[in-house]
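Asks: Mind having a look at this structure? Questions to follow.
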Amino acid sequence: MTTTYTNAKNWLVQADLFANSGLTDLTGGKDAGAGYGKAIIGDFSIMMPAAYSLVRNRNLMHHETISKDGAWVRYVEGTRLDLKDVQFFWGSAALAQADHTLLHDDKAKKAELALESILADLAVLNIPNGVKLSISLSNHNPERWATEIKRRVSGIHTFQHLHPVTRSIVTKSVDIEVAGIYPEGFGSIAHCLFGEASLVLDPSELAIALDIGSSTWLVTVFNGSGAVIDRHLIEGGAGELHSMIAEALDKRNDRVSLLSKDVKHSPSLVNQGILEGTFTYGGNHLTGKKFETEYSQCLEDWWSTRIEKFANFVTAGNYLDRAKYLVAWGGGVSLPVVDQNLASLGFVVLKNPQFINALGLKLLSQISLGA
(Lines give C-alpha, C1' and ligand atoms only; values in the text may rest on other atoms or scores of the structure.)
Protein backbone atom coordinates (compact mmCIF):
# COMPACT_ATOMS: atom_id res chain seq x y z
CA MET A 1 0.00 0.00 0.00
CA THR A 2 1.50 3.31 -1.02
CA THR A 3 1.58 5.95 1.67
CA THR A 4 1.25 9.59 0.67
CA TYR A 5 2.64 12.12 3.12
CA THR A 6 -0.21 14.36 4.16
CA ASN A 7 1.32 16.32 7.02
CA ALA A 8 4.70 16.97 8.62
CA LYS A 9 4.08 14.81 11.66
CA ASN A 10 3.19 11.79 9.56
CA TRP A 11 6.18 12.38 7.31
CA LEU A 12 8.63 12.65 10.22
CA VAL A 13 7.37 9.47 11.86
CA GLN A 14 7.56 7.51 8.62
CA ALA A 15 10.98 8.90 7.73
CA ASP A 16 12.32 7.67 11.06
CA LEU A 17 10.72 4.24 10.61
CA PHE A 18 12.05 3.96 7.06
CA ALA A 19 15.64 4.68 8.13
CA ASN A 20 15.48 1.93 10.75
CA SER A 21 13.48 -0.57 8.71
CA GLY A 22 16.45 -2.78 7.85
CA LEU A 23 15.40 -2.88 4.19
CA THR A 24 18.23 -3.71 1.80
CA ASP A 25 16.48 -4.02 -1.58
CA LEU A 26 13.90 -1.62 -2.99
CA THR A 27 12.10 -1.17 -6.28
CA GLY A 28 10.82 2.15 -7.52
CA GLY A 29 9.44 4.32 -10.29
CA LYS A 30 10.32 7.93 -11.08
CA ASP A 31 8.12 10.31 -13.06
CA ALA A 32 10.15 13.48 -13.58
CA GLY A 33 7.02 15.45 -14.41
CA ALA A 34 6.89 19.07 -15.54
CA GLY A 35 5.88 21.09 -12.52
CA TYR A 36 6.32 18.31 -9.95
CA GLY A 37 8.41 15.15 -9.85
CA LYS A 38 6.70 12.04 -8.49
CA ALA A 39 8.35 8.90 -7.21
CA ILE A 40 7.37 5.61 -5.65
CA ILE A 41 10.22 4.11 -3.62
CA GLY A 42 9.30 0.82 -1.97
CA ASP A 43 5.94 1.48 -0.31
CA PHE A 44 6.45 5.22 -0.05
CA SER A 45 5.42 8.01 -2.41
CA ILE A 46 6.93 11.44 -2.69
CA MET A 47 6.18 14.53 -4.76
CA MET A 48 8.37 17.62 -4.97
CA PRO A 49 8.53 20.70 -7.20
CA ALA A 50 10.81 19.95 -10.15
CA ALA A 51 13.34 22.62 -9.26
CA TYR A 52 17.14 22.60 -8.80
CA SER A 53 19.67 25.06 -7.40
CA LEU A 54 23.42 24.46 -7.38
CA VAL A 55 25.41 25.54 -4.32
CA ARG A 56 28.37 27.21 -6.04
CA ASN A 57 30.54 27.70 -2.93
CA ARG A 58 31.28 24.12 -1.90
CA ASN A 59 32.87 25.24 1.38
CA LEU A 60 29.43 26.24 2.63
CA MET A 61 27.32 23.62 4.36
CA HIS A 62 23.72 24.48 3.59
CA HIS A 63 22.31 21.85 5.87
CA GLU A 64 19.67 23.99 7.55
CA THR A 65 17.05 23.10 4.93
CA ILE A 66 14.56 20.41 5.92
CA SER A 67 11.16 19.80 4.39
CA LYS A 68 8.87 17.04 3.21
CA ASP A 69 8.98 18.51 -0.31
CA GLY A 70 12.54 19.81 -0.55
CA ALA A 71 16.08 18.91 0.42
CA TRP A 72 19.74 19.87 0.58
CA VAL A 73 22.06 17.16 -0.75
CA ARG A 74 25.84 16.82 -0.99
CA TYR A 75 27.32 14.20 -3.30
CA VAL A 76 30.32 12.81 -1.42
CA GLU A 77 31.76 10.22 -3.79
CA GLY A 78 30.82 7.38 -6.10
CA THR A 79 30.33 6.44 -9.71
CA ARG A 80 29.63 10.02 -10.73
CA LEU A 81 33.13 11.45 -10.33
CA ASP A 82 31.97 14.74 -11.85
CA LEU A 83 29.66 15.30 -8.87
CA LYS A 84 32.25 14.81 -6.11
CA ASP A 85 31.62 17.37 -3.33
CA VAL A 86 28.79 19.02 -5.31
CA GLN A 87 25.98 20.42 -3.15
CA PHE A 88 22.53 21.31 -4.38
CA PHE A 89 19.00 22.15 -3.29
CA TRP A 90 15.96 20.39 -4.74
CA GLY A 91 12.22 21.01 -4.68
CA SER A 92 10.87 23.70 -2.38
CA ALA A 93 14.41 24.22 -1.02
CA ALA A 94 15.56 25.14 -4.54
CA LEU A 95 12.59 27.44 -5.14
CA ALA A 96 13.70 29.44 -2.11
CA GLN A 97 16.98 30.25 -3.92
CA ALA A 98 17.09 33.18 -6.35
CA ASP A 99 19.05 31.26 -9.00
CA HIS A 100 16.95 28.10 -9.18
CA THR A 101 16.26 26.16 -12.38
CA LEU A 102 12.80 24.86 -13.23
CA LEU A 103 13.04 21.57 -15.10
CA HIS A 104 10.02 22.29 -17.29
CA ASP A 105 11.88 25.27 -18.76
CA ASP A 106 14.43 22.90 -20.31
CA LYS A 107 13.35 19.30 -20.94
CA ALA A 108 16.99 18.21 -21.24
CA LYS A 109 17.36 18.90 -17.51
CA LYS A 110 14.98 16.02 -16.73
CA ALA A 111 17.67 13.68 -18.07
CA GLU A 112 20.76 15.63 -17.03
CA LEU A 113 19.57 15.98 -13.42
CA ALA A 114 17.91 12.56 -13.13
CA LEU A 115 20.31 11.33 -10.44
CA GLU A 116 20.06 14.53 -8.41
CA SER A 117 16.28 14.22 -8.48
CA ILE A 118 16.40 10.64 -7.19
CA LEU A 119 18.94 11.45 -4.46
CA ALA A 120 16.70 14.29 -3.26
CA ASP A 121 13.78 11.84 -3.04
CA LEU A 122 15.92 9.40 -1.06
CA ALA A 123 17.05 12.18 1.26
CA VAL A 124 13.53 13.30 2.10
CA LEU A 125 12.38 9.69 2.54
CA ASN A 126 15.45 9.05 4.75
CA ILE A 127 16.27 5.66 3.23
CA PRO A 128 18.45 3.19 5.14
CA ASN A 129 22.16 3.23 4.40
CA GLY A 130 23.40 0.60 1.95
CA VAL A 131 20.16 0.06 0.05
CA LYS A 132 20.10 -1.37 -3.45
CA LEU A 133 17.47 0.36 -5.57
CA SER A 134 16.11 -0.90 -8.88
CA ILE A 135 14.20 1.92 -10.54
CA SER A 136 12.44 2.66 -13.82
CA LEU A 137 12.15 6.21 -15.16
CA SER A 138 10.07 7.97 -17.78
CA ASN A 139 11.30 10.51 -20.30
CA HIS A 140 9.74 12.55 -23.08
CA ASN A 141 12.31 11.25 -25.59
CA PRO A 142 13.84 7.93 -24.47
CA GLU A 143 15.41 7.35 -27.90
CA ARG A 144 17.49 10.46 -27.31
CA TRP A 145 18.09 10.26 -23.57
CA ALA A 146 17.85 6.63 -22.35
CA THR A 147 21.57 5.82 -22.66
CA GLU A 148 22.55 9.11 -21.02
CA ILE A 149 20.12 8.67 -18.14
CA LYS A 150 21.39 5.16 -17.43
CA ARG A 151 24.98 6.42 -17.48
CA ARG A 152 24.22 9.25 -15.07
CA VAL A 153 21.98 7.31 -12.66
CA SER A 154 23.46 3.80 -12.47
CA GLY A 155 26.10 2.95 -9.90
CA ILE A 156 27.02 3.40 -6.25
CA HIS A 157 26.50 6.89 -4.85
CA THR A 158 27.45 8.20 -1.42
CA PHE A 159 25.65 11.36 -0.42
CA GLN A 160 24.78 13.48 2.61
CA HIS A 161 21.53 15.04 3.73
CA LEU A 162 19.93 16.41 6.86
CA HIS A 163 18.22 13.78 8.99
CA PRO A 164 14.57 14.89 9.22
CA VAL A 165 14.23 13.93 12.87
CA THR A 166 17.62 14.46 14.54
CA ARG A 167 18.56 17.35 12.18
CA SER A 168 22.12 16.07 11.99
CA ILE A 169 23.98 15.54 8.72
CA VAL A 170 23.95 11.85 7.78
CA THR A 171 25.90 9.99 5.11
CA LYS A 172 24.23 7.31 3.00
CA SER A 173 25.29 5.03 0.17
CA VAL A 174 22.88 3.65 -2.41
CA ASP A 175 23.45 1.22 -5.28
CA ILE A 176 21.10 2.21 -8.11
CA GLU A 177 20.22 -0.03 -11.02
CA VAL A 178 18.17 1.44 -13.85
CA ALA A 179 15.59 -1.20 -14.73
CA GLY A 180 14.24 0.71 -17.73
CA ILE A 181 13.60 4.05 -19.39
CA TYR A 182 10.09 4.40 -20.80
CA PRO A 183 8.13 7.04 -22.75
CA GLU A 184 6.10 9.44 -20.66
CA GLY A 185 2.78 7.87 -19.72
CA PHE A 186 3.87 4.29 -20.44
CA GLY A 187 3.90 3.55 -16.71
CA SER A 188 0.32 4.76 -16.46
CA ILE A 189 -0.74 2.34 -19.18
CA ALA A 190 1.06 -0.51 -17.40
CA HIS A 191 -0.68 0.39 -14.13
CA CYS A 192 -4.11 0.43 -15.79
CA LEU A 193 -3.66 -2.86 -17.61
CA PHE A 194 -1.59 -4.91 -15.19
CA GLY A 195 -1.60 -3.11 -11.84
CA GLU A 196 -4.16 -2.42 -9.11
CA ALA A 197 -6.38 -0.33 -11.37
CA SER A 198 -6.69 -3.00 -14.08
CA LEU A 199 -8.89 -2.22 -17.07
CA VAL A 200 -10.49 -5.27 -18.68
CA LEU A 201 -9.20 -4.70 -22.20
CA ASP A 202 -8.54 -7.33 -24.86
CA PRO A 203 -5.55 -6.87 -27.18
CA SER A 204 -7.91 -5.88 -30.00
CA GLU A 205 -9.74 -3.27 -27.91
CA LEU A 206 -8.81 0.39 -27.41
CA ALA A 207 -8.77 2.84 -24.54
CA ILE A 208 -8.23 6.60 -24.66
CA ALA A 209 -6.23 8.16 -21.85
CA LEU A 210 -6.15 11.84 -20.97
CA ASP A 211 -3.20 12.99 -18.87
CA ILE A 212 -3.70 16.54 -17.56
CA GLY A 213 -0.33 17.68 -16.28
CA SER A 214 1.26 20.97 -15.30
CA SER A 215 2.16 22.05 -18.83
CA THR A 216 0.13 19.89 -21.26
CA TRP A 217 -2.84 17.66 -21.92
CA LEU A 218 -1.50 14.40 -23.37
CA VAL A 219 -3.97 12.16 -25.19
CA THR A 220 -2.87 8.54 -25.68
CA VAL A 221 -4.72 5.80 -27.53
CA PHE A 222 -3.58 2.31 -26.51
CA ASN A 223 -4.75 -1.29 -26.79
CA GLY A 224 -5.03 -4.18 -24.34
CA SER A 225 -1.46 -5.26 -25.02
CA GLY A 226 -0.15 -1.88 -23.89
CA ALA A 227 0.83 -0.79 -27.40
CA VAL A 228 0.47 2.94 -28.09
CA ILE A 229 -1.66 3.44 -31.20
CA ASP A 230 -1.56 7.23 -31.34
CA ARG A 231 -0.69 10.29 -29.25
CA HIS A 232 -1.67 13.94 -29.33
CA LEU A 233 -0.22 16.81 -27.29
CA ILE A 234 -2.35 19.80 -26.32
CA GLU A 235 -0.46 22.73 -24.85
CA GLY A 236 -1.58 24.48 -21.67
CA GLY A 237 -1.94 22.23 -18.64
CA ALA A 238 -2.93 23.15 -15.10
CA GLY A 239 -0.08 25.67 -14.90
CA GLU A 240 -1.75 27.66 -17.69
CA LEU A 241 -4.96 27.78 -15.65
CA HIS A 242 -3.03 29.08 -12.63
CA SER A 243 -1.45 31.79 -14.80
CA MET A 244 -4.84 32.81 -16.19
CA ILE A 245 -6.22 33.20 -12.67
CA ALA A 246 -3.16 35.19 -11.57
CA GLU A 247 -3.57 37.54 -14.54
CA ALA A 248 -7.25 37.97 -13.71
CA LEU A 249 -6.29 38.93 -10.16
CA ASP A 250 -3.82 41.45 -11.58
CA LYS A 251 -6.74 43.23 -13.25
CA ARG A 252 -8.77 43.62 -10.07
CA ASN A 253 -9.45 47.14 -8.87
CA ASP A 254 -10.26 46.35 -5.23
CA ARG A 255 -6.86 47.24 -3.81
CA VAL A 256 -7.10 46.69 -0.07
CA SER A 257 -4.05 48.77 0.81
CA LEU A 258 -1.07 50.60 -0.65
CA LEU A 259 1.02 47.51 0.15
CA SER A 260 -0.94 45.42 -2.33
CA LYS A 261 -1.26 48.07 -5.03
CA ASP A 262 -0.12 46.98 -8.51
CA VAL A 263 0.95 43.59 -7.17
CA LYS A 264 1.95 40.90 -9.68
CA HIS A 265 0.13 37.79 -8.59
CA SER A 266 1.96 34.48 -8.49
CA PRO A 267 0.56 31.36 -10.22
CA SER A 268 2.22 29.22 -7.53
CA LEU A 269 0.23 30.98 -4.78
CA VAL A 270 -2.92 30.50 -6.84
CA ASN A 271 -2.09 26.80 -7.01
CA GLN A 272 -1.54 26.74 -3.27
CA GLY A 273 -4.98 28.21 -2.65
CA ILE A 274 -6.55 25.58 -4.90
CA LEU A 275 -4.68 22.70 -3.27
CA GLU A 276 -5.68 23.89 0.20
CA GLY A 277 -9.30 24.19 -0.92
CA THR A 278 -9.55 27.76 0.38
CA PHE A 279 -9.46 29.53 -3.01
CA THR A 280 -7.63 32.31 -1.17
CA TYR A 281 -4.60 34.06 -2.58
CA GLY A 282 -1.93 34.89 0.00
CA GLY A 283 -1.73 34.01 3.65
CA ASN A 284 -2.19 37.35 5.44
CA HIS A 285 -4.74 40.13 5.73
CA LEU A 286 -2.69 42.49 3.52
CA THR A 287 -2.73 40.29 0.44
CA GLY A 288 -5.28 37.56 1.15
CA LYS A 289 -8.15 37.59 -1.33
CA LYS A 290 -10.72 35.05 -2.46
CA PHE A 291 -10.61 34.00 -6.11
CA GLU A 292 -13.56 31.63 -6.55
CA THR A 293 -15.02 33.94 -9.21
CA GLU A 294 -11.78 34.10 -11.17
CA TYR A 295 -11.38 30.34 -10.86
CA SER A 296 -14.84 29.68 -12.24
CA GLN A 297 -14.42 32.12 -15.14
CA CYS A 298 -10.92 31.05 -16.13
CA LEU A 299 -11.68 27.35 -15.71
CA GLU A 300 -14.55 27.49 -18.21
CA ASP A 301 -12.36 29.07 -20.90
CA TRP A 302 -9.37 26.81 -20.16
CA TRP A 303 -11.48 23.64 -20.11
CA SER A 304 -13.68 24.35 -23.14
CA THR A 305 -10.83 25.18 -25.54
CA ARG A 306 -8.82 22.09 -24.61
CA ILE A 307 -11.64 19.56 -24.38
CA GLU A 308 -12.67 20.67 -27.87
CA LYS A 309 -9.16 19.89 -29.15
CA PHE A 310 -9.35 16.53 -27.40
CA ALA A 311 -12.69 15.78 -29.05
CA ASN A 312 -11.42 16.81 -32.48
CA PHE A 313 -8.45 14.44 -32.22
CA VAL A 314 -10.32 11.36 -31.00
CA THR A 315 -13.16 11.77 -33.50
CA ALA A 316 -10.94 12.59 -36.49
CA GLY A 317 -8.93 9.43 -35.84
CA ASN A 318 -12.12 7.36 -35.45
CA TYR A 319 -10.96 6.40 -31.94
CA LEU A 320 -13.90 7.61 -29.87
CA ASP A 321 -16.47 5.13 -31.21
CA ARG A 322 -14.01 2.25 -30.92
CA ALA A 323 -12.78 2.99 -27.39
CA LYS A 324 -13.97 0.74 -24.61
CA TYR A 325 -12.70 3.11 -21.93
CA LEU A 326 -11.97 6.78 -21.44
CA VAL A 327 -9.50 7.04 -18.57
CA ALA A 328 -7.96 10.10 -16.92
CA TRP A 329 -4.88 10.67 -14.78
CA GLY A 330 -2.41 13.42 -13.91
CA GLY A 331 -2.58 16.12 -11.26
CA GLY A 332 -5.00 18.27 -13.26
CA VAL A 333 -7.82 15.71 -13.19
CA SER A 334 -8.27 16.35 -9.46
CA LEU A 335 -8.99 20.07 -9.92
CA PRO A 336 -12.37 21.14 -8.56
CA VAL A 337 -15.06 20.90 -11.27
CA VAL A 338 -12.63 19.22 -13.68
CA ASP A 339 -13.13 15.88 -11.94
CA GLN A 340 -16.90 16.33 -12.27
CA ASN A 341 -16.61 17.33 -15.92
CA LEU A 342 -14.57 14.22 -16.70
CA ALA A 343 -16.96 11.95 -14.84
CA SER A 344 -19.93 13.42 -16.70
CA LEU A 345 -18.20 12.60 -20.00
CA GLY A 346 -17.77 8.98 -18.95
CA PHE A 347 -14.11 9.06 -17.98
CA VAL A 348 -12.77 6.61 -15.42
CA VAL A 349 -10.91 8.97 -13.07
CA LEU A 350 -8.27 6.93 -11.28
CA LYS A 351 -7.48 7.29 -7.59
CA ASN A 352 -4.22 9.01 -6.66
CA PRO A 353 -3.96 10.29 -10.26
CA GLN A 354 -0.67 12.16 -9.89
CA PHE A 355 1.18 8.97 -8.99
CA ILE A 356 -0.28 6.63 -11.64
CA ASN A 357 2.77 6.86 -13.93
CA ALA A 358 5.22 6.36 -11.05
CA LEU A 359 3.20 3.39 -9.77
CA GLY A 360 3.30 1.81 -13.20
CA LEU A 361 7.03 2.45 -13.53
CA LYS A 362 7.59 0.69 -10.22
CA LEU A 363 5.52 -2.23 -11.51
CA LEU A 364 7.75 -2.37 -14.60
CA SER A 365 10.80 -2.44 -12.32
CA GLN A 366 9.31 -5.39 -10.46
CA ILE A 367 8.52 -7.19 -13.72
CA SER A 368 12.10 -6.70 -14.93
CA LEU A 369 13.32 -8.40 -11.75
CA GLY A 370 10.84 -11.23 -12.13
CA ALA A 371 9.00 -10.17 -8.98
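Ligands are numbered from 1 in the order shown, residues from 1 within each chain, and chains are lettered A, B, ... in the order they appear in the C-alpha coordinates.
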For Thr220 in chain A, list every protein, DNA or RNA residue within 6 Å, evaluated using only C-alpha atoms, and leave out those in the same chain fewer than 6 positions away; present the list as an NGL selection string.

Replies: :A and (208-209 or 230-231)

Asks: What would the file look like if the residues just selected were written as a PDB file, in the first residue's frame with all heavy atoms?

Replies:
```
ATOM      1  N   ILE A 208      -8.765   5.249 -24.455  1.00  0.00           N
ATOM      2  CA  ILE A 208      -8.233   6.598 -24.665  1.00  0.00           C
ATOM      3  C   ILE A 208      -7.913   7.196 -23.306  1.00  0.00           C
ATOM      4  O   ILE A 208      -8.785   7.280 -22.436  1.00  0.00           O
ATOM      5  CB  ILE A 208      -9.233   7.497 -25.404  1.00  0.00           C
ATOM      6  CG1 ILE A 208      -9.595   6.901 -26.768  1.00  0.00           C
ATOM      7  CG2 ILE A 208      -8.668   8.903 -25.580  1.00  0.00           C
ATOM      8  CD1 ILE A 208     -10.721   7.639 -27.470  1.00  0.00           C
ATOM      9  N   ALA A 209      -6.656   7.577 -23.119  1.00  0.00           N
ATOM     10  CA  ALA A 209      -6.226   8.158 -21.849  1.00  0.00           C
ATOM     11  C   ALA A 209      -5.990   9.651 -22.011  1.00  0.00           C
ATOM     12  O   ALA A 209      -5.430  10.097 -23.021  1.00  0.00           O
ATOM     13  CB  ALA A 209      -4.944   7.479 -21.374  1.00  0.00           C
ATOM     14  N   ASP A 230      -1.693   5.836 -30.902  1.00  0.00           N
ATOM     15  CA  ASP A 230      -1.564   7.227 -31.337  1.00  0.00           C
ATOM     16  C   ASP A 230      -1.430   8.122 -30.111  1.00  0.00           C
ATOM     17  O   ASP A 230      -1.852   7.756 -29.006  1.00  0.00           O
ATOM     18  CB  ASP A 230      -2.784   7.646 -32.163  1.00  0.00           C
ATOM     19  CG  ASP A 230      -2.489   8.800 -33.114  1.00  0.00           C
ATOM     20  OD1 ASP A 230      -1.389   9.385 -33.016  1.00  0.00           O
ATOM     21  OD2 ASP A 230      -3.365   9.108 -33.951  1.00  0.00           O
ATOM     22  N   ARG A 231      -0.829   9.288 -30.320  1.00  0.00           N
ATOM     23  CA  ARG A 231      -0.686  10.292 -29.250  1.00  0.00           C
ATOM     24  C   ARG A 231      -0.988  11.676 -29.816  1.00  0.00           C
ATOM     25  O   ARG A 231      -0.782  11.924 -31.005  1.00  0.00           O
ATOM     26  CB  ARG A 231       0.742  10.315 -28.682  1.00  0.00           C
ATOM     27  CG  ARG A 231       1.096   9.186 -27.746  1.00  0.00           C
ATOM     28  CD  ARG A 231       2.493   9.419 -27.181  1.00  0.00           C
ATOM     29  NE  ARG A 231       2.989   8.334 -26.370  1.00  0.00           N
ATOM     30  CZ  ARG A 231       2.779   8.193 -25.077  1.00  0.00           C
ATOM     31  NH1 ARG A 231       2.058   9.091 -24.436  1.00  0.00           N
ATOM     32  NH2 ARG A 231       3.278   7.175 -24.411  1.00  0.00           N
TER      33      ARG A 231
END
```

Asks: Report as a Markdown table: every residue of range 206-241 of chain A with an atom at most 10 Å from range 293-310 of chain A, its closest pair of atoms, and their distance in Å to one decimal, counting only C-alpha atoms, with rows sorted by chain and ascending residue number.

Replies:
```
| residue | atom | partner | partner_atom | distance |
| --- | --- | --- | --- | --- |
| A:Leu210 | CA | A:Phe310 | CA | 8.6 |
| A:Thr216 | CA | A:Arg306 | CA | 9.8 |
| A:Trp217 | CA | A:Arg306 | CA | 7.9 |
| A:Leu218 | CA | A:Phe310 | CA | 9.1 |
| A:Val219 | CA | A:Phe310 | CA | 7.3 |
| A:His232 | CA | A:Phe310 | CA | 8.3 |
| A:Leu233 | CA | A:Phe310 | CA | 9.1 |
| A:Ile234 | CA | A:Arg306 | CA | 7.1 |
| A:Glu235 | CA | A:Arg306 | CA | 8.4 |
| A:Gly236 | CA | A:Arg306 | CA | 8.2 |
| A:Gly237 | CA | A:Trp302 | CA | 8.9 |
| A:Ala238 | CA | A:Trp302 | CA | 9.0 |
| A:Glu240 | CA | A:Trp302 | CA | 8.1 |
| A:Leu241 | CA | A:Trp302 | CA | 6.4 |
```

Asks: Nearest to Arg167 in chain A among A:Phe279, A:Asn126, A:Arg144, A:Glu116, with distances taken over only C-alpha atoms: which residue is it?

Replies: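 Closest candidate: A:Asn126.
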
Asks: Which polymer residues have any atom within 12 Å of an atom of Gly195 in chain A, counting only C-alpha atoms, with same-chain residues fewer than 4 positions away left out, as a PyMOL selection string?

Replies: chain A and resi 187-191+199-200+356-364+366-367

Asks: Point out the residue among A:Ala248, A:Thr278, A:Val221, A:Ser344 with the least atom-to-atom distance to Val314 in chain A, counting only C-alpha atoms.

Replies: A:Val221

Asks: If DSSP is run on the backbone, what residues of range 41-122 of chain A are strand (DSSP E)? A reply as a count of residues only would be ideal.

Replies: 30

Asks: Write out as a PDB file with N, CA and C atoms, in the first residue's frame each polymer residue whose atoms come within 9 Å of Gly346 in chain A, counting only C-alpha atoms; drop sequence neighbours fewer than 6 positions from it.

Replies:
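Printed below is result.pdb as written:
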```pdb
ATOM      1  N   TYR A 325     -12.833   2.277 -23.133  1.00  0.00           N
ATOM      2  CA  TYR A 325     -12.696   3.108 -21.934  1.00  0.00           C
ATOM      3  C   TYR A 325     -12.167   4.490 -22.293  1.00  0.00           C
ATOM      4  N   LEU A 326     -12.623   5.478 -21.534  1.00  0.00           N
ATOM      5  CA  LEU A 326     -11.970   6.777 -21.443  1.00  0.00           C
ATOM      6  C   LEU A 326     -11.414   6.845 -20.021  1.00  0.00           C
ATOM      7  N   VAL A 327     -10.122   7.060 -19.887  1.00  0.00           N
ATOM      8  CA  VAL A 327      -9.496   7.036 -18.572  1.00  0.00           C
ATOM      9  C   VAL A 327      -8.670   8.310 -18.389  1.00  0.00           C
TER      10      VAL A 327
END
```

Asks: Name all residues at most 12 Å from Gly28 in chain A (count only C-alpha atoms; drop same-chain ones fewer than 4 positions away) and give them as a PyMOL selection string.

Replies: chain A and resi 2+38-46+118+121-122+132-138+176-180+187+355+357-369
